[in-house]
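Asker: One file is attached below, start21.csv, containing CSV, C-alpha atoms.
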```csv
chain,number,residue,atom,x,y,z
A,282,MET,CA,25.1,-19.6,-35.2
A,283,ALA,CA,26.7,-16.8,-33.2
A,284,ASN,CA,26.5,-16.7,-29.5
A,285,ASN,CA,25.9,-13.0,-28.8
A,286,GLU,CA,25.6,-11.6,-25.4
A,287,LEU,CA,22.5,-9.6,-25.0
A,288,SER,CA,22.9,-6.2,-23.3
A,289,MET,CA,20.5,-3.5,-22.1
A,290,GLY,CA,22.4,-1.0,-24.3
A,291,GLY,CA,22.2,2.6,-23.5
A,292,LEU,CA,19.9,2.5,-20.5
A,293,THR,CA,20.4,5.2,-17.9
A,294,SER,CA,21.3,4.1,-14.4
A,295,ARG,CA,17.7,5.0,-13.4
A,296,ASP,CA,16.3,2.8,-16.2
A,297,TYR,CA,18.7,0.0,-15.2
A,298,ALA,CA,17.6,0.3,-11.5
A,299,PHE,CA,13.9,0.2,-12.5
A,300,TYR,CA,14.4,-2.9,-14.6
A,301,GLY,CA,16.4,-4.5,-11.8
A,302,LEU,CA,13.4,-4.0,-9.5
A,303,VAL,CA,11.1,-5.5,-12.0
A,304,TRP,CA,13.4,-8.5,-12.6
A,305,ALA,CA,13.8,-9.0,-8.8
A,306,GLY,CA,10.1,-8.7,-8.1
A,307,THR,CA,9.1,-11.0,-11.0
A,308,THR,CA,11.8,-13.6,-10.2
A,309,LEU,CA,11.2,-13.8,-6.5
A,310,THR,CA,7.4,-13.8,-6.9
A,311,ALA,CA,7.5,-16.7,-9.4
A,312,ARG,CA,9.8,-18.6,-7.1
A,313,VAL,CA,7.5,-18.2,-4.1
A,314,ASP,CA,4.3,-18.8,-6.1
A,315,GLN,CA,5.7,-22.0,-7.5
A,316,ALA,CA,6.8,-23.3,-4.1
A,317,LEU,CA,3.5,-22.4,-2.4
A,318,THR,CA,1.5,-23.9,-5.1
A,319,ARG,CA,3.5,-27.1,-5.3
A,320,ARG,CA,3.6,-27.8,-1.6
A,321,HIS,CA,0.4,-26.3,-0.3
A,322,ASP,CA,-1.8,-25.9,-3.4
A,323,LEU,CA,-1.9,-22.2,-2.3
A,324,PRO,CA,-1.2,-19.6,-4.9
A,325,LEU,CA,0.7,-16.5,-3.9
A,326,SER,CA,-2.5,-14.3,-4.1
A,327,TRP,CA,-4.1,-16.5,-1.5
A,328,PHE,CA,-1.0,-16.4,0.6
A,329,GLU,CA,-1.0,-12.6,0.5
A,330,VAL,CA,-4.6,-12.4,1.7
A,331,MET,CA,-3.7,-14.8,4.5
A,332,LEU,CA,-0.6,-12.8,5.4
A,333,TRP,CA,-2.7,-9.7,6.0
A,334,LEU,CA,-5.4,-11.6,7.9
A,335,TYR,CA,-2.7,-13.4,10.0
A,336,ALA,CA,-1.4,-10.0,11.3
A,337,GLN,CA,-4.8,-8.8,12.4
A,338,ASN,CA,-6.3,-9.2,15.9
A,339,GLU,CA,-9.9,-8.6,14.6
A,340,PRO,CA,-11.7,-9.7,11.5
A,341,VAL,CA,-11.4,-7.2,8.6
A,342,ALA,CA,-13.6,-6.1,5.7
A,343,PRO,CA,-12.6,-7.5,2.4
A,344,SER,CA,-12.6,-4.0,1.0
A,345,GLU,CA,-9.8,-3.1,3.4
A,346,LEU,CA,-7.7,-6.0,2.0
A,347,GLY,CA,-8.4,-4.8,-1.5
A,348,ALA,CA,-7.0,-1.4,-0.6
A,349,ARG,CA,-3.8,-3.0,1.0
A,350,THR,CA,-3.0,-6.0,-1.2
A,351,LEU,CA,-1.8,-6.1,-4.8
A,352,LEU,CA,-5.2,-7.5,-5.7
A,353,SER,CA,-8.4,-5.8,-6.8
A,354,ARG,CA,-11.4,-5.9,-4.5
A,355,SER,CA,-13.1,-8.4,-6.8
A,356,GLN,CA,-9.9,-10.6,-6.7
A,357,VAL,CA,-9.9,-10.4,-2.9
A,358,SER,CA,-13.5,-11.5,-2.9
A,359,ARG,CA,-12.8,-14.5,-5.2
A,360,VAL,CA,-9.7,-15.5,-3.1
A,361,ALA,CA,-11.7,-15.2,0.1
A,362,ASP,CA,-14.4,-17.5,-1.4
A,363,SER,CA,-11.7,-20.0,-2.3
A,364,LEU,CA,-10.1,-19.8,1.2
A,365,ARG,CA,-13.5,-20.1,2.8
A,366,ALA,CA,-14.3,-23.2,0.8
A,367,ARG,CA,-11.1,-24.8,2.1
A,368,GLY,CA,-12.0,-23.9,5.7
A,369,LEU,CA,-9.1,-21.4,6.0
A,370,ILE,CA,-11.1,-18.3,6.6
A,371,GLU,CA,-14.5,-17.5,8.1
A,372,ARG,CA,-17.0,-14.7,7.6
A,373,VAL,CA,-18.1,-12.8,10.6
A,374,PRO,CA,-21.0,-10.3,10.7
A,375,SER,CA,-19.8,-6.7,11.0
A,376,PRO,CA,-20.4,-5.3,14.5
A,377,THR,CA,-21.2,-1.9,13.0
A,378,ASP,CA,-23.1,-2.7,9.8
A,379,ALA,CA,-25.6,-5.6,9.6
A,380,ARG,CA,-25.3,-5.6,5.8
A,381,SER,CA,-21.6,-6.4,5.7
A,382,VAL,CA,-19.2,-9.1,6.8
A,383,ARG,CA,-15.7,-9.2,7.9
A,384,ILE,CA,-13.3,-12.1,7.4
A,385,ALA,CA,-10.7,-13.8,9.6
A,386,LEU,CA,-8.4,-16.8,9.5
A,387,THR,CA,-9.8,-19.9,11.2
A,388,ASP,CA,-7.5,-22.0,13.4
A,389,ALA,CA,-6.9,-24.2,10.4
A,390,GLY,CA,-6.1,-21.1,8.4
A,391,ARG,CA,-3.5,-19.9,10.9
A,392,ARG,CA,-1.8,-23.3,10.8
A,393,ALA,CA,-1.9,-23.4,7.0
A,394,PHE,CA,-0.4,-19.9,6.9
A,395,ALA,CA,2.4,-20.8,9.3
A,396,GLU,CA,3.3,-23.9,7.2
A,397,ALA,CA,3.1,-21.8,3.9
A,398,ASP,CA,5.2,-19.0,5.4
A,399,ALA,CA,7.9,-21.5,6.3
A,400,THR,CA,7.8,-22.7,2.7
A,401,ARG,CA,8.1,-19.0,1.5
A,402,ARG,CA,11.1,-18.4,3.7
A,403,GLU,CA,12.7,-21.6,2.4
A,404,ALA,CA,12.0,-20.6,-1.2
A,405,LEU,CA,13.6,-17.2,-0.7
A,406,ALA,CA,16.6,-18.4,1.4
A,407,GLU,CA,19.1,-18.9,-1.4
A,408,ALA,CA,17.9,-16.2,-3.8
A,409,PHE,CA,17.3,-13.5,-1.1
A,410,ASP,CA,18.3,-14.1,2.5
A,411,ASP,CA,21.7,-15.8,1.8
A,412,ARG,CA,22.7,-13.0,-0.6
A,413,LEU,CA,21.7,-10.0,1.4
A,414,ASP,CA,23.2,-8.8,4.7
A,415,ASP,CA,21.5,-6.6,7.3
A,416,ALA,CA,22.8,-3.4,5.6
A,417,ASP,CA,21.3,-4.6,2.3
A,418,ILE,CA,18.0,-5.3,4.0
A,419,ALA,CA,18.0,-1.9,5.7
A,420,ALA,CA,18.8,-0.2,2.3
A,421,LEU,CA,15.9,-2.0,0.6
A,422,ALA,CA,13.5,-1.1,3.5
A,423,ALA,CA,14.5,2.6,3.1
A,424,ILE,CA,14.0,2.4,-0.7
A,425,TRP,CA,10.7,0.7,-0.3
A,426,ALA,CA,9.6,3.4,2.2
A,427,LYS,CA,10.6,6.1,-0.3
A,428,LEU,CA,8.7,4.5,-3.2
A,429,LYS,CA,5.6,4.0,-1.1
A,430,ALA,CA,5.6,7.5,0.5
A,431,ARG,CA,2.8,9.9,-0.3
A,432,PRO,CA,3.6,11.7,-3.5
A,433,GLU,CA,3.3,15.4,-3.8
A,434,ASN,CA,-0.1,15.3,-5.4
A,435,GLY,CA,-1.6,13.6,-2.4
A,436,GLN,CA,-2.1,10.1,-3.8
A,437,GLN,CA,-0.7,7.3,-1.6
A,438,ALA,CA,0.9,4.3,-3.1
A,439,GLN,CA,-0.9,1.1,-2.1
A,440,ALA,CA,0.4,-2.1,-0.5
```
Please render this file's structure as structure tokens.
Answerer:
Amino acid sequence: MANNELSMGGLTSRDYAFYGLVWAGTTLTARVDQALTRRHDLPLSWFEVMLWLYAQNEPVAPSELGARTLLSRSQVSRVADSLRARGLIERVPSPTDARSVRIALTDAGRRAFAEADATRREALAEAFDDRLDDADIAALAAIWAKLKARPENGQQAQA
């Protein structure tokens, strides 16, 4: 049986760059998800919702999270229900609309997020932080900003 090297063949540099982004995103996401699930029983989707909540000073509407995360609004709702069942978030009545609620991390949720974030950083250290210097990080930030910028047709990329 021959041991052939696989290649991406005649891809353009743009195609190669795109598949590189896909590979990096998939690989790093899987690494973090596995570490968070193993150590904290906290899937990456839950961590993402907690990340957004951790950065807020006030409770937020679940629909706002659906517009900012990589999750659909129904997924955010299911994640919020799971986090609430574990005592990591709480529902708070909306101050402007009696029919709706907002969500926020509880004190236990803030502690759990801090512990999970330390795990995330540890999981990414070798594959990301140790390999990229400050100039690389700045370049990635500039690329990310370009990719997220408002396109000409007026639709804004989400995240």
Asker: Work out how far CA of Val330 (chain A) is from CA of Leu352 (chain A), in Å to one decimal.
Answerer: 8.9 Å
Asker: Taking all atoms listed in the file into account, name the residue in A:Phe299, A:Glu407, A:Leu351, A:Trp304 that is nearest to Leu428 (chain A).
Answerer: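 The shortest atom-to-atom distance to Leu428 (chain A) comes from A:Phe299.
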Asker: So, with only C-alpha atoms as the atoms that count, which of A:Leu364, A:Ala416, A:Ala422, A:Ala430 lies closest to Asp322 (chain A)?
Answerer: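 When distances to Asp322 (chain A) are compared using only C-alpha atoms, the smallest one comes from A:Leu364.
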Asker: Hey, which of A:Leu292, A:Ala316, A:Ala342, A:Leu332 ends up closest to Arg391 (chain A)? Count all atoms listed in the file.
Answerer: A:Leu332
Asker: Determine the nearest neighbour of Phe394 (chain A) from the options A:Tyr300, A:Pro340, A:Ile370, A:Val360, counting only C-alpha atoms.
Answerer: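 For Phe394 (chain A), the nearest of the candidates is A:Ile370.
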Asker: Check the smallest atom-to-atom distance from each of A:Asp362, A:Asp410, A:Asp296, A:Glu371 to Glu339 (chain A) using all atoms listed in the file, then report the winner.
Answerer: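 Of A:Asp362, A:Asp410, A:Asp296, A:Glu371, the one nearest Glu339 (chain A), counting all atoms listed in the file, is A:Glu371.
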Asker: Suppose you want the space between CA of Glu403 (chain A) and CA of Ser358 (chain A); what is it in Å?
Answerer: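 Separation of CA of Glu403 (chain A) and CA of Ser358 (chain A): 28.6 Å.
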Asker: Using only C-alpha atoms, which residues sit within 8 Å of Gly347 (chain A) once same-chain residues fewer than 5 positions away are excluded, as an MDAnalysis selection string?
Answerer: chainID A and resid 352:357
Asker: Work out how far apart CA of Arg431 (chain A) and CA of Ser344 (chain A) are and give it in Å to one decimal.
Answerer: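 Interatomic distance here is 20.8 Å.
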Asker: Applying 10 Å and only C-alpha atoms, which residues near Val373 (chain A) remain after dropping the ones on its own chain fewer than 3 positions away? List them as a PyMOL selection string.
Answerer: chain A and resi 340-342+370+376+381-385
